[in-house]
$ cat final-v5.tsv   # TSV, C-alpha atoms
chain	number	residue	atom	x	y	z
Y	585	MET	CA	132.69	237.61	60.82
Y	586	THR	CA	130.73	238.58	57.72
Y	587	PRO	CA	133.07	240.25	55.20
Y	588	LEU	CA	132.16	243.62	53.76
Y	589	ARG	CA	130.83	243.08	50.24
Y	590	ILE	CA	132.04	245.84	47.92
Y	591	GLY	CA	130.84	246.30	44.35
Y	592	VAL	CA	133.40	248.10	42.17
Y	593	LEU	CA	132.53	249.88	38.90
Y	594	LEU	CA	135.70	250.25	36.82
Y	595	PRO	CA	136.07	252.56	33.78
Y	596	VAL	CA	138.45	252.49	30.86
Y	597	SER	CA	140.26	255.52	29.46
Y	598	ARG	CA	142.41	256.32	26.46
Y	599	MET	CA	143.97	259.25	28.31
Y	600	PHE	CA	144.86	257.16	31.38
Y	601	PRO	CA	145.00	253.57	30.05
Y	602	ARG	CA	145.72	252.14	33.52
Y	603	VAL	CA	142.97	254.00	35.37
Y	604	ASP	CA	141.04	250.84	36.25
Y	605	GLN	CA	144.16	249.05	37.52
Y	606	ASP	CA	145.33	252.13	39.43
Y	607	PHE	CA	142.02	252.71	41.18
Y	608	LEU	CA	141.50	249.03	42.00
Y	609	GLY	CA	145.09	248.65	43.19
Y	610	GLY	CA	144.73	251.70	45.43
Y	611	LEU	CA	141.43	250.38	46.79
Y	612	ARG	CA	143.01	247.04	47.63
Y	613	ALA	CA	145.98	248.84	49.17
Y	614	GLY	CA	143.76	250.86	51.51
Y	615	LEU	CA	141.73	247.83	52.53
Y	616	GLY	CA	144.86	245.70	52.90
Y	617	GLU	CA	146.66	248.26	55.05
Y	618	ALA	CA	143.80	247.96	57.55
Y	619	ALA	CA	143.53	244.16	57.11
Y	620	ALA	CA	139.81	244.61	56.40
Y	621	ALA	CA	137.75	241.49	55.75
Y	622	CYS	CA	136.03	242.14	52.42
Y	623	GLU	CA	134.89	240.64	49.13
Y	624	LEU	CA	135.20	242.64	45.89
Y	625	THR	CA	132.89	242.19	42.92
Y	626	LEU	CA	134.23	243.91	39.81
Y	627	GLU	CA	132.02	245.33	37.08
Y	628	PRO	CA	133.72	246.75	33.95
Y	629	GLY	CA	132.03	250.07	33.27
Y	630	GLY	CA	133.47	251.11	29.92
Y	631	PRO	CA	134.12	254.84	29.50
Y	632	ALA	CA	131.15	255.56	31.81
Y	633	ALA	CA	129.57	258.07	29.43
Y	634	ASP	CA	126.26	256.40	28.47
Y	635	PRO	CA	123.66	256.67	31.26
Y	636	ARG	CA	121.83	253.58	30.01
Y	637	ILE	CA	124.94	251.42	30.17
Y	638	VAL	CA	126.01	252.72	33.57
Y	639	THR	CA	122.50	252.25	34.97
Y	640	ASP	CA	122.42	248.68	33.69
Y	641	LYS	CA	125.79	247.82	35.20
Y	642	LEU	CA	124.95	249.35	38.58
Y	643	GLN	CA	121.61	247.54	38.67
Y	644	ARG	CA	123.43	244.29	37.94
Y	645	LEU	CA	125.80	244.90	40.83
Y	646	LEU	CA	122.98	245.72	43.23
Y	647	LEU	CA	120.56	242.97	42.23
Y	648	GLN	CA	122.89	240.06	41.51
Y	649	HIS	CA	125.65	240.55	44.07
Y	650	ARG	CA	123.90	242.31	46.97
Y	651	PRO	CA	126.86	244.47	48.01
Y	652	HIS	CA	126.95	246.41	51.26
Y	653	VAL	CA	128.52	249.35	49.39
Y	654	VAL	CA	129.37	250.27	45.78
Y	655	VAL	CA	132.40	252.32	44.74
Y	656	GLY	CA	133.75	253.43	41.39
Y	657	ILE	CA	134.97	256.20	39.13
Y	658	VAL	CA	131.88	257.93	37.76
Y	659	GLY	CA	131.31	261.40	36.38
Y	660	SER	CA	129.51	263.72	38.79
Y	661	ALA	CA	126.99	264.66	36.09
Y	662	MET	CA	126.11	260.96	35.74
Y	663	LEU	CA	124.80	260.90	39.29
Y	664	ARG	CA	121.40	262.39	38.54
Y	665	HIS	CA	120.70	259.36	36.31
Y	666	VAL	CA	121.58	256.72	38.89
Y	667	HIS	CA	121.49	258.08	42.45
Y	668	ALA	CA	117.95	256.86	43.17
Y	669	LEU	CA	119.12	253.27	42.64
Y	670	PHE	CA	121.08	253.48	45.88
Y	671	SER	CA	118.46	255.04	48.11
Y	672	ASP	CA	115.96	252.47	46.78
Y	673	ALA	CA	118.38	249.62	47.53
Y	674	ARG	CA	119.53	251.23	50.82
Y	675	VAL	CA	123.14	250.75	49.73
Y	676	PRO	CA	125.72	253.60	49.82
Y	677	PHE	CA	127.57	254.63	46.67
Y	678	VAL	CA	131.04	256.20	46.98
Y	679	VAL	CA	131.64	258.22	43.81
Y	680	ASN	CA	135.32	258.79	42.97
Y	681	ASN	CA	136.53	261.29	40.38
Y	682	LEU	CA	138.73	264.36	39.97
Y	683	GLY	CA	135.96	266.76	40.97
Y	684	ALA	CA	135.63	268.82	37.80
Y	685	GLU	CA	131.91	269.05	38.60
Y	686	PRO	CA	129.98	269.15	41.86
Y	687	LEU	CA	127.73	266.16	42.45
Y	688	LEU	CA	124.72	266.83	40.22
Y	689	ASP	CA	121.82	264.97	41.82
Y	690	GLY	CA	118.83	266.85	40.46
Y	691	GLY	CA	118.61	269.12	43.49
Y	692	ALA	CA	117.78	266.25	45.83
Y	693	PRO	CA	120.75	265.39	48.07
Y	694	ASN	CA	120.90	261.64	48.63
Y	695	GLU	CA	122.11	260.40	52.01
Y	696	TYR	CA	123.34	257.20	50.37
Y	697	VAL	CA	125.78	259.03	48.04
Y	698	PHE	CA	129.33	260.02	49.06
Y	699	HIS	CA	131.96	261.79	46.98
Y	700	ASN	CA	135.74	261.42	47.17
Y	701	SER	CA	137.49	263.73	44.71
Y	702	PHE	CA	140.33	266.19	44.20
Y	703	ASN	CA	137.64	268.89	44.01
Y	704	LEU	CA	139.02	270.57	40.89
Y	705	TRP	CA	135.97	272.85	40.76
Y	706	GLN	CA	136.98	274.43	44.06
Y	707	SER	CA	140.65	274.58	43.05
Y	708	MET	CA	139.87	276.44	39.83
Y	709	TYR	CA	137.61	278.89	41.67
Y	710	ALA	CA	140.36	279.57	44.21
Y	711	LEU	CA	142.93	279.97	41.41
Y	712	GLY	CA	140.69	282.44	39.59
Y	713	SER	CA	140.22	284.59	42.68
Y	714	TRP	CA	143.96	284.55	43.39
Y	715	ALA	CA	144.88	285.39	39.79
Y	716	ALA	CA	142.60	288.44	39.66
Y	717	ARG	CA	144.11	289.77	42.87
Y	718	THR	CA	147.72	288.92	41.99
Y	719	LEU	CA	148.37	288.74	38.24
Y	720	GLY	CA	145.93	291.22	36.73
Y	721	ARG	CA	142.26	291.91	36.08
Y	722	ARG	CA	142.18	291.05	32.36
Y	723	ALA	CA	142.45	287.36	31.42
Y	724	ALA	CA	142.17	285.51	28.12
Y	725	LEU	CA	141.05	281.89	28.39
Y	726	ALA	CA	141.82	278.99	26.07
Y	727	SER	CA	140.47	275.48	26.50
Y	728	GLY	CA	140.79	272.21	24.68
Y	729	PHE	CA	137.50	270.81	23.39
Y	730	HIS	CA	137.53	267.95	25.90
Y	731	ASP	CA	138.22	270.21	28.88
Y	732	SER	CA	135.62	272.80	27.82
Y	733	GLY	CA	132.73	270.48	28.65
Y	734	TYR	CA	133.33	270.46	32.41
Y	735	GLY	CA	132.66	272.80	35.30
Y	736	ILE	CA	136.28	273.87	35.64
Y	737	VAL	CA	135.64	276.60	33.05
Y	738	PRO	CA	132.72	278.28	34.87
Y	739	ALA	CA	134.51	277.65	38.19
Y	740	PHE	CA	137.52	279.69	37.10
Y	741	TRP	CA	135.24	282.29	35.51
Y	742	SER	CA	133.29	282.74	38.76
Y	743	GLY	CA	136.44	282.93	40.87
Y	744	PHE	CA	138.15	285.40	38.55
Y	745	CYS	CA	135.20	287.65	37.68
Y	746	ASP	CA	132.64	287.39	40.48
Y	747	ALA	CA	134.96	286.90	43.45
Y	748	GLY	CA	138.09	288.57	42.09
Y	749	GLY	CA	136.57	291.45	40.15
Y	750	GLY	CA	138.36	290.51	36.93
Y	751	GLU	CA	137.23	290.33	33.32
Y	752	ILE	CA	137.61	287.58	30.71
Y	753	VAL	CA	138.42	289.60	27.60
Y	754	ALA	CA	138.65	286.75	25.06
Y	755	THR	CA	138.04	282.99	24.85
Y	756	GLU	CA	138.98	280.20	22.47
Y	757	VAL	CA	138.11	276.48	22.28
Y	758	THR	CA	140.73	274.54	20.33
Y	759	ASN	CA	141.62	270.95	19.43
Y	760	ARG	CA	138.10	270.17	18.29
Y	761	ASP	CA	139.19	267.61	15.70
Y	762	SER	CA	142.45	266.30	17.11
Y	763	SER	CA	144.48	266.48	20.31
Y	764	GLU	CA	147.56	267.14	18.13
Y	765	GLU	CA	145.95	270.14	16.43
Y	766	ASP	CA	148.08	273.32	16.46
Y	767	PRO	CA	146.25	276.06	18.43
Y	768	SER	CA	148.70	278.85	17.49
Y	769	VAL	CA	146.21	280.95	15.52
Y	770	ALA	CA	143.70	280.91	18.36
Y	771	LEU	CA	146.39	281.64	20.92
Y	772	GLN	CA	147.61	284.62	18.90
Y	773	ARG	CA	144.06	286.01	18.86
Y	774	LEU	CA	144.06	285.82	22.65
Y	775	ALA	CA	147.39	287.64	22.86
Y	776	ASP	CA	146.08	290.34	20.52
Y	777	ALA	CA	143.34	291.11	23.07
Y	778	LYS	CA	146.08	292.50	25.36
Y	779	PRO	CA	145.26	290.49	28.50
Y	780	ASP	CA	147.30	290.52	31.70
Y	781	LEU	CA	147.47	286.71	31.73
Y	782	ILE	CA	146.55	283.60	29.76
Y	783	VAL	CA	144.49	280.74	31.24
Y	784	GLY	CA	145.10	277.38	29.56
Y	785	LEU	CA	142.63	274.61	30.44
Y	786	TYR	CA	144.14	271.56	28.76
Y	787	ALA	CA	145.17	268.01	29.53
Y	788	GLY	CA	146.86	265.13	27.77
Y	789	ARG	CA	148.21	265.49	24.24
Y	790	SER	CA	146.29	268.70	23.62
Y	791	ALA	CA	148.22	270.17	26.57
Y	792	LEU	CA	151.46	269.34	24.77
Y	793	SER	CA	150.19	271.04	21.61
Y	794	PHE	CA	149.12	274.09	23.58
Y	795	MET	CA	152.44	274.44	25.39
Y	796	GLN	CA	154.41	274.06	22.17
Y	797	SER	CA	152.39	276.89	20.61
Y	798	TYR	CA	152.69	279.09	23.70
Y	799	ASP	CA	156.46	278.65	23.60
Y	800	ALA	CA	156.77	279.12	19.82
Y	801	LEU	CA	154.84	282.39	19.95
Y	802	GLY	CA	157.23	283.72	22.62
Y	803	LEU	CA	154.45	284.69	25.03
Y	804	ALA	CA	156.06	283.57	28.29
Y	805	PRO	CA	158.12	286.74	28.97
Y	806	THR	CA	155.09	289.05	28.79
Y	807	LEU	CA	152.00	286.91	29.45
Y	808	PRO	CA	152.02	284.71	32.55
Y	809	LEU	CA	150.23	281.38	32.13
Y	810	ILE	CA	148.07	279.59	34.67
Y	811	SER	CA	146.31	276.31	34.12
Y	812	SER	CA	144.33	273.43	35.51
Y	813	ALA	CA	146.50	270.94	37.39
Y	814	PHE	CA	146.32	268.27	34.70
Y	815	LEU	CA	147.98	270.38	32.02
Y	816	MET	CA	151.28	269.54	33.72
Y	817	HIS	CA	150.48	266.06	34.98
Y	818	ARG	CA	153.67	264.08	35.36
Y	819	GLN	CA	152.64	261.77	32.50
Y	820	TRP	CA	153.23	264.69	30.10
Y	821	LEU	CA	155.36	267.19	32.02
Y	822	GLY	CA	158.63	265.59	30.94
Y	823	ALA	CA	157.72	265.99	27.27
Y	824	MET	CA	157.03	269.71	27.81
Y	825	GLY	CA	160.59	270.38	28.94
Y	826	ASP	CA	161.43	274.00	29.69
Y	827	THR	CA	158.21	275.32	28.12
Y	828	ALA	CA	156.29	274.62	31.35
Y	829	ILE	CA	158.73	276.36	33.72
Y	830	GLY	CA	156.87	279.08	35.61
Y	831	VAL	CA	153.33	277.86	34.89
Y	832	ARG	CA	151.15	277.93	38.01
Y	833	THR	CA	148.07	275.98	39.02
Y	834	ALA	CA	146.01	274.93	42.03
Y	835	PHE	CA	145.48	271.43	43.41
Y	836	SER	CA	144.33	269.77	46.61
Y	837	TRP	CA	147.38	267.50	47.00
Y	838	ASP	CA	150.59	269.03	48.33
Y	839	ARG	CA	153.13	266.40	47.30
Y	840	ASP	CA	155.91	268.14	49.24
Y	841	ALA	CA	154.23	267.56	52.62
Y	842	ARG	CA	153.24	264.56	54.77
Y	843	ARG	CA	156.17	262.36	53.86
Y	844	ASP	CA	155.20	259.67	56.41
Y	845	GLU	CA	151.72	259.33	54.93
Y	846	ASP	CA	153.18	259.27	51.43
Y	847	ARG	CA	155.56	256.45	52.38
Y	848	ALA	CA	152.67	254.49	53.90
Y	849	PHE	CA	150.66	254.97	50.70
Y	850	HIS	CA	153.47	253.71	48.50
Y	851	ALA	CA	154.19	250.79	50.79
Y	852	ALA	CA	150.55	249.71	50.80
Y	853	CYS	CA	150.38	250.01	47.00
Y	854	ALA	CA	153.59	247.98	46.64
Y	855	ALA	CA	152.04	245.25	48.81
Y	856	ALA	CA	149.03	245.33	46.47
Y	857	GLU	CA	151.41	244.94	43.48
Y	858	LEU	CA	150.69	248.43	42.19
Y	859	PRO	CA	153.86	250.18	40.98
Y	860	ASP	CA	154.19	253.96	40.75
Y	861	PRO	CA	150.74	254.97	42.13
Y	862	ASP	CA	149.29	258.37	41.35
Y	863	VAL	CA	146.01	260.32	41.51
Y	864	PHE	CA	143.49	257.57	40.75
Y	865	ALA	CA	145.37	255.16	42.99
Y	866	LEU	CA	145.20	257.72	45.79
Y	867	LEU	CA	141.43	258.03	45.39
Y	868	GLY	CA	141.12	254.25	45.64
Y	869	TYR	CA	143.48	254.11	48.63
Y	870	GLU	CA	141.56	256.78	50.55
Y	871	THR	CA	138.23	255.14	49.77
Y	872	GLY	CA	139.59	251.73	50.82
Y	873	LYS	CA	140.83	253.08	54.15
Y	874	ALA	CA	137.50	254.85	54.78
Y	875	LEU	CA	135.58	251.65	54.00
Y	876	ALA	CA	137.84	249.66	56.31
Y	877	ASP	CA	137.15	252.15	59.11
Y	878	ALA	CA	133.41	251.97	58.40
Y	879	ALA	CA	133.47	248.17	58.34
Y	880	ALA	CA	135.14	248.10	61.75
Y	881	ARG	CA	132.37	250.34	63.11
Y	882	CYS	CA	129.72	248.00	61.66
Y	883	GLY	CA	130.94	245.03	63.70
Y	884	ASP	CA	130.12	241.43	62.75
Y	885	LYS	CA	127.06	242.16	60.62
Y	886	PRO	CA	127.64	244.86	58.01
Y	887	SER	CA	124.69	246.14	55.99
Y	888	GLY	CA	124.07	248.96	53.57
Y	889	ASP	CA	122.43	251.10	56.24
Y	890	ALA	CA	125.18	250.34	58.75
Y	891	VAL	CA	127.88	251.38	56.26
Y	892	ARG	CA	125.93	254.55	55.39
Y	893	GLU	CA	125.79	255.51	59.05
Y	894	ALA	CA	129.46	254.65	59.63
Y	895	LEU	CA	131.04	256.44	56.65
Y	896	PRO	CA	130.56	260.02	57.98
Y	897	LEU	CA	132.24	258.89	61.21
Y	898	ALA	CA	135.31	257.48	59.47
Y	899	VAL	CA	138.46	259.58	59.92
Y	900	ILE	CA	141.68	258.47	58.24
Y	901	THR	CA	145.00	259.97	57.19
Y	902	SER	CA	146.27	260.05	53.63
Y	903	PRO	CA	148.99	261.89	51.68
Y	904	ARG	CA	146.46	264.73	51.38
Y	905	GLY	CA	146.06	264.97	55.16
Y	906	GLU	CA	143.11	264.11	57.38
Y	907	PHE	CA	140.28	262.60	55.37
Y	908	SER	CA	136.59	262.39	56.26
Y	909	PHE	CA	133.18	262.72	54.61
Y	910	ASP	CA	131.18	265.79	55.55
Y	911	ALA	CA	128.05	264.55	57.31
Y	912	SER	CA	125.75	267.07	55.59
Y	913	THR	CA	127.06	266.95	52.01
Y	914	GLY	CA	128.69	263.51	51.75
Y	915	GLU	CA	131.74	265.17	50.17
Y	916	VAL	CA	135.37	265.19	51.34
Y	917	PRO	CA	136.49	268.74	52.23
Y	918	THR	CA	139.80	269.71	50.61
Y	919	LYS	CA	142.35	272.50	50.89
Y	920	ASP	CA	143.91	274.18	47.85
Y	921	TYR	CA	147.61	274.74	47.22
Y	922	LEU	CA	149.29	277.02	44.71
Y	923	LEU	CA	151.73	274.99	42.62
Y	924	GLU	CA	154.41	276.14	40.17
Y	925	VAL	CA	156.50	274.26	37.64
Y	926	GLN	CA	160.12	274.75	38.65
Y	927	ARG	CA	163.45	273.31	37.60
Y	928	GLY	CA	164.53	270.57	39.99
Y	929	GLU	CA	168.05	269.85	41.19
Y	930	ASP	CA	168.40	267.32	38.38
Y	931	GLY	CA	167.47	270.00	35.82
Y	932	ALA	CA	164.08	268.46	35.03
Y	933	ALA	CA	160.80	270.32	35.41
Y	934	ARG	CA	158.82	269.48	38.56
Y	935	LEU	CA	155.74	270.76	40.34
Y	936	ALA	CA	156.50	272.53	43.62
Y	937	THR	CA	154.11	273.89	46.23
Y	938	VAL	CA	154.62	277.63	46.66
Y	939	GLY	CA	151.68	278.58	48.88
Y	940	THR	CA	148.11	277.96	49.96
Y	941	LEU	CA	144.94	279.43	48.46
Y	942	ASP	CA	142.04	280.70	50.53
Y	943	LEU	CA	138.43	280.62	49.39
Y	944	PRO	CA	136.44	283.88	49.30
Y	945	GLU	CA	133.44	284.02	51.62
Y	946	ARG	CA	131.06	283.90	48.68
Y	947	TYR	CA	132.41	280.56	47.44
Y	948	ALA	CA	129.92	278.35	49.31
Y	949	ALA	CA	126.93	280.23	47.93
Y	950	GLU	CA	128.26	280.17	44.36
Y	951	TYR	CA	129.12	276.47	44.58
Y	952	ALA	CA	125.60	275.70	45.81
Y	953	ALA	CA	124.04	277.83	43.06
Y	954	TYR	CA	126.07	276.09	40.37
Y	955	ARG	CA	125.18	272.67	41.74
Y	956	ALA	CA	121.46	273.51	41.80
Y	957	GLN	CA	121.16	275.02	38.30
Y	958	GLU	CA	119.22	273.25	35.59
Y	959	VAL	CA	121.66	273.96	32.73
Y	960	ARG	CA	124.58	271.51	32.80
Y	961	THR	CA	127.93	271.45	31.07
Y	962	GLY	CA	128.37	268.99	28.27
Y	963	TRP	CA	130.04	265.74	29.32
Y	964	THR	CA	128.72	262.91	31.50
Y	965	ASN	CA	131.95	260.90	31.56
Y	966	ALA	CA	134.32	261.62	34.43
Y	967	TYR	CA	137.04	264.21	33.70
Y	968	MET	CA	140.10	262.57	32.12
Y	969	ILE	CA	138.15	259.35	31.49
Y	970	THR	CA	137.73	259.36	27.71

$ encode --input "final-v5.tsv" --output "structure tokens"
Amino acid sequence: MTPLRIGVLLPVSRMFPRVDQDFLGGLRAGLGEAAAACELTLEPGGPAADPRIVTDKLQRLLLQHRPHVVVGIVGSAMLRHVHALFSDARVPFVVNNLGAEPLLDGGAPNEYVFHNSFNLWQSMYALGSWAARTLGRRAALASGFHDSGYGIVPAFWSGFCDAGGGEIVATEVTNRDSSEEDPSVALQRLADAKPDLIVGLYAGRSALSFMQSYDALGLAPTLPLISSAFLMHRQWLGAMGDTAIGVRTAFSWDRDARRDEDRAFHAACAAAELPDPDVFALLGYETGKALADAAARCGDKPSGDAVREALPLAVITSPRGEFSFDASTGEVPTKDYLLEVQRGEDGAARLATVGTLDLPERYAAEYAAYRAQEVRTGWTNAYMIT
């Protein structure tokens, strides 16, 4: 039996130093759980921000190693620079990232491109619509410089204003020079605008700086705070302590549900020698399981076209629930959950699921319009890959 040849583009990140190991370990875990016959060719991709470098590395994978499929963590905005490589080679490309942008392919959907993500764009839209209906119609928005260059800002704006009928009364972009920069002055300006709520779009060390300022200014009792899910990622939540209690966000992974699938995920990652797997490992695990399913459908002679035809038919289970690629868009549909930082039984802060979030009817049209526009947000590297 001919093994499935998989080319893997691996990034590096200062924010998540183990991102390459986590994604690769998850990919191997998903393939190993299904006992799939495969060969992996690894290509270090750097921070995946320079289109010339990424194009060169992907061409090397395609021309030198002749894979049946290529996977990797790549920014959605990078796709318009490289997607034609895959239709020309007749090899599918499974893009993995956190979903802070829709796939930006120059307005020409490519049947050889698939997208597995946490769909943060959708989550922030759903959170914005919910916040306008629940917390108040006047919001002030603060964002770290890194986070401001992604679609999560316009996604929240559209959900809050267009779908929810709210108004953004003030904005600030902070931490331009350093992630440790104190944003207190900017945050006070937002409070002075008399909003009903504060929106904090931060991640990493700048999230710690933001939360320290929010706490020091004493805003929590009068101004509720909502955020993107990575403000309170577990890598930094412990350092925030009580300052994060009560903050709410939206995410497409309900960690309190599907315990059997979660145990299977951790067991497969342990077998792949990957300790303590998290978001990037889950993306790799889901992609590995989908590729294993597709390989089984291809039979003894896999090819790029055979894998492309098989991927939309693949249906697997993961800790996020049933997983499949939409046949028309190539993207994995997700459901959004409302999460809140609460105090656990051990006294430590933890994220708990407190509800589900529905999408307004107008979401699909606004998502399509954003994806098709010519003006793009600033960064080509994948969100959180810096």

$ closest_residue --input "final-v5.tsv" --among "Y:Leu807, Y:Asp862, Y:Asp766, Y:Gly888" --to "His652 (chain Y)" --atoms "only C-alpha atoms"
Y:Gly888

$ residues_around --input "final-v5.tsv" --residues "Asp780 (chain Y)" --least-positions-apart "4" --cutoff "12 Å" --atoms "only C-alpha atoms" --output "VMD selection string"
chain Y and resid 715 to 725 750 to 754 774 to 776 803 to 810

$ residues_near_point --input "final-v5.tsv" --point "(148.4, 251.1, 38.1)" --cutoff "9 Å" --atoms "only C-alpha atoms" --output "PyMOL selection string"
chain Y and resi 602-610+857-862+864-865

$ closest_residue --input "final-v5.tsv" --among "Y:Ala834, Y:Ala692, Y:Val654, Y:Leu821" --to "Val675 (chain Y)" --atoms "all atoms listed in the file"
Y:Val654

$ closest_residue --input "final-v5.tsv" --among "Y:Cys882, Y:Ala777, Y:Ala948, Y:Met599" --to "Gln819 (chain Y)" --atoms "all atoms listed in the file"
Y:Met599

$ closest_residue --input "final-v5.tsv" --among "Y:Leu611, Y:Ala620, Y:Leu588, Y:Leu935" --to "Ala876 (chain Y)" --atoms "all atoms listed in the file"
Y:Ala620

$ closest_residue --input "final-v5.tsv" --among "Y:Thr758, Y:Ser742, Y:Thr964, Y:Ser597" --to "Met708 (chain Y)" --atoms "only C-alpha atoms"
Y:Ser742

$ residues_around --input "final-v5.tsv" --residues "region 903-916 of chain Y" --least-positions-apart "6" --cutoff "7 Å" --atoms "all atoms listed in the file" --output "list of chain:residue names"
Y:Val697, Y:Phe698, Y:His699, Y:Asn700, Y:Trp837, Y:Asp838, Y:Arg842, Y:Glu845, Y:Asp846, Y:Leu895, Y:Pro896

$ closest_residue --input "final-v5.tsv" --among "Y:Ala726, Y:Leu624, Y:Met662, Y:Ala880" --to "Leu645 (chain Y)" --atoms "only C-alpha atoms"
Y:Leu624

$ residues_near_point --input "final-v5.tsv" --point "(125.8, 253.6, 33.8)" --cutoff "9 Å" --atoms "all atoms listed in the file" --output "list of chain:residue names"
Y:Gly629, Y:Gly630, Y:Ala632, Y:Ala633, Y:Asp634, Y:Pro635, Y:Arg636, Y:Ile637, Y:Val638, Y:Thr639, Y:Asp640, Y:Lys641, Y:Leu642, Y:Gln643, Y:Val658, Y:Met662, Y:His665, Y:Val666

$ atom_distance --input "final-v5.tsv" --atom1 "CA of Trp963 (chain Y)" --atom2 "CA of Gly733 (chain Y)"
5.5 Å

$ residues_around --input "final-v5.tsv" --residues "Ala673 (chain Y)" --least-positions-apart "2" --cutoff "9 Å" --atoms "only C-alpha atoms" --output "list in words"
Leu646, Leu647, Ala668, Leu669, Phe670, Ser671, Val675, Pro676 and Gly888 of chain Y

$ build_atoms --input "final-v5.tsv" --residues "region 759-776 of chain Y" --atoms "N, CA and C atoms" --output "PDB file, in the coordinates of the input"
ATOM      1  N   ASN Y 759     141.453 272.400  19.480  1.00  0.00           N
ATOM      2  CA  ASN Y 759     141.620 270.950  19.430  1.00  0.00           C
ATOM      3  C   ASN Y 759     140.271 270.235  19.328  1.00  0.00           C
ATOM      4  N   ARG Y 760     139.409 270.769  18.477  1.00  0.00           N
ATOM      5  CA  ARG Y 760     138.100 270.170  18.290  1.00  0.00           C
ATOM      6  C   ARG Y 760     138.175 268.873  17.506  1.00  0.00           C
ATOM      7  N   ASP Y 761     139.099 268.786  16.565  1.00  0.00           N
ATOM      8  CA  ASP Y 761     139.190 267.610  15.700  1.00  0.00           C
ATOM      9  C   ASP Y 761     140.285 266.643  16.115  1.00  0.00           C
ATOM     10  N   SER Y 762     141.314 267.154  16.775  1.00  0.00           N
ATOM     11  CA  SER Y 762     142.450 266.300  17.110  1.00  0.00           C
ATOM     12  C   SER Y 762     143.190 266.886  18.307  1.00  0.00           C
ATOM     13  N   SER Y 763     143.694 266.008  19.172  1.00  0.00           N
ATOM     14  CA  SER Y 763     144.480 266.480  20.310  1.00  0.00           C
ATOM     15  C   SER Y 763     145.830 267.023  19.866  1.00  0.00           C
ATOM     16  N   GLU Y 764     146.285 266.648  18.647  1.00  0.00           N
ATOM     17  CA  GLU Y 764     147.560 267.140  18.130  1.00  0.00           C
ATOM     18  C   GLU Y 764     147.411 268.430  17.325  1.00  0.00           C
ATOM     19  N   GLU Y 765     146.211 268.926  17.208  1.00  0.00           N
ATOM     20  CA  GLU Y 765     145.950 270.140  16.430  1.00  0.00           C
ATOM     21  C   GLU Y 765     146.756 271.334  16.973  1.00  0.00           C
ATOM     22  N   ASP Y 766     147.281 272.151  16.080  1.00  0.00           N
ATOM     23  CA  ASP Y 766     148.080 273.320  16.460  1.00  0.00           C
ATOM     24  C   ASP Y 766     147.152 274.485  16.801  1.00  0.00           C
ATOM     25  N   PRO Y 767     147.155 274.969  18.049  1.00  0.00           N
ATOM     26  CA  PRO Y 767     146.250 276.060  18.430  1.00  0.00           C
ATOM     27  C   PRO Y 767     146.879 277.448  18.303  1.00  0.00           C
ATOM     28  N   SER Y 768     147.955 277.582  17.528  1.00  0.00           N
ATOM     29  CA  SER Y 768     148.700 278.850  17.490  1.00  0.00           C
ATOM     30  C   SER Y 768     147.858 280.035  17.043  1.00  0.00           C
ATOM     31  N   VAL Y 769     147.017 279.841  16.031  1.00  0.00           N
ATOM     32  CA  VAL Y 769     146.210 280.950  15.520  1.00  0.00           C
ATOM     33  C   VAL Y 769     145.260 281.451  16.597  1.00  0.00           C
ATOM     34  N   ALA Y 770     144.611 280.523  17.285  1.00  0.00           N
ATOM     35  CA  ALA Y 770     143.700 280.910  18.360  1.00  0.00           C
ATOM     36  C   ALA Y 770     144.445 281.589  19.500  1.00  0.00           C
ATOM     37  N   LEU Y 771     145.609 281.063  19.827  1.00  0.00           N
ATOM     38  CA  LEU Y 771     146.390 281.640  20.920  1.00  0.00           C
ATOM     39  C   LEU Y 771     146.873 283.044  20.570  1.00  0.00           C
ATOM     40  N   GLN Y 772     147.202 283.278  19.317  1.00  0.00           N
ATOM     41  CA  GLN Y 772     147.610 284.620  18.900  1.00  0.00           C
ATOM     42  C   GLN Y 772     146.450 285.605  19.017  1.00  0.00           C
ATOM     43  N   ARG Y 773     145.229 285.131  18.701  1.00  0.00           N
ATOM     44  CA  ARG Y 773     144.060 286.010  18.860  1.00  0.00           C
ATOM     45  C   ARG Y 773     143.893 286.410  20.322  1.00  0.00           C
ATOM     46  N   LEU Y 774     144.149 285.486  21.231  1.00  0.00           N
ATOM     47  CA  LEU Y 774     144.060 285.820  22.650  1.00  0.00           C
ATOM     48  C   LEU Y 774     145.107 286.859  23.030  1.00  0.00           C
ATOM     49  N   ALA Y 775     146.326 286.676  22.548  1.00  0.00           N
ATOM     50  CA  ALA Y 775     147.390 287.640  22.860  1.00  0.00           C
ATOM     51  C   ALA Y 775     147.069 289.020  22.303  1.00  0.00           C
ATOM     52  N   ASP Y 776     146.424 289.059  21.135  1.00  0.00           N
ATOM     53  CA  ASP Y 776     146.080 290.340  20.520  1.00  0.00           C
ATOM     54  C   ASP Y 776     145.037 291.118  21.327  1.00  0.00           C
TER      55      ASP Y 776
END
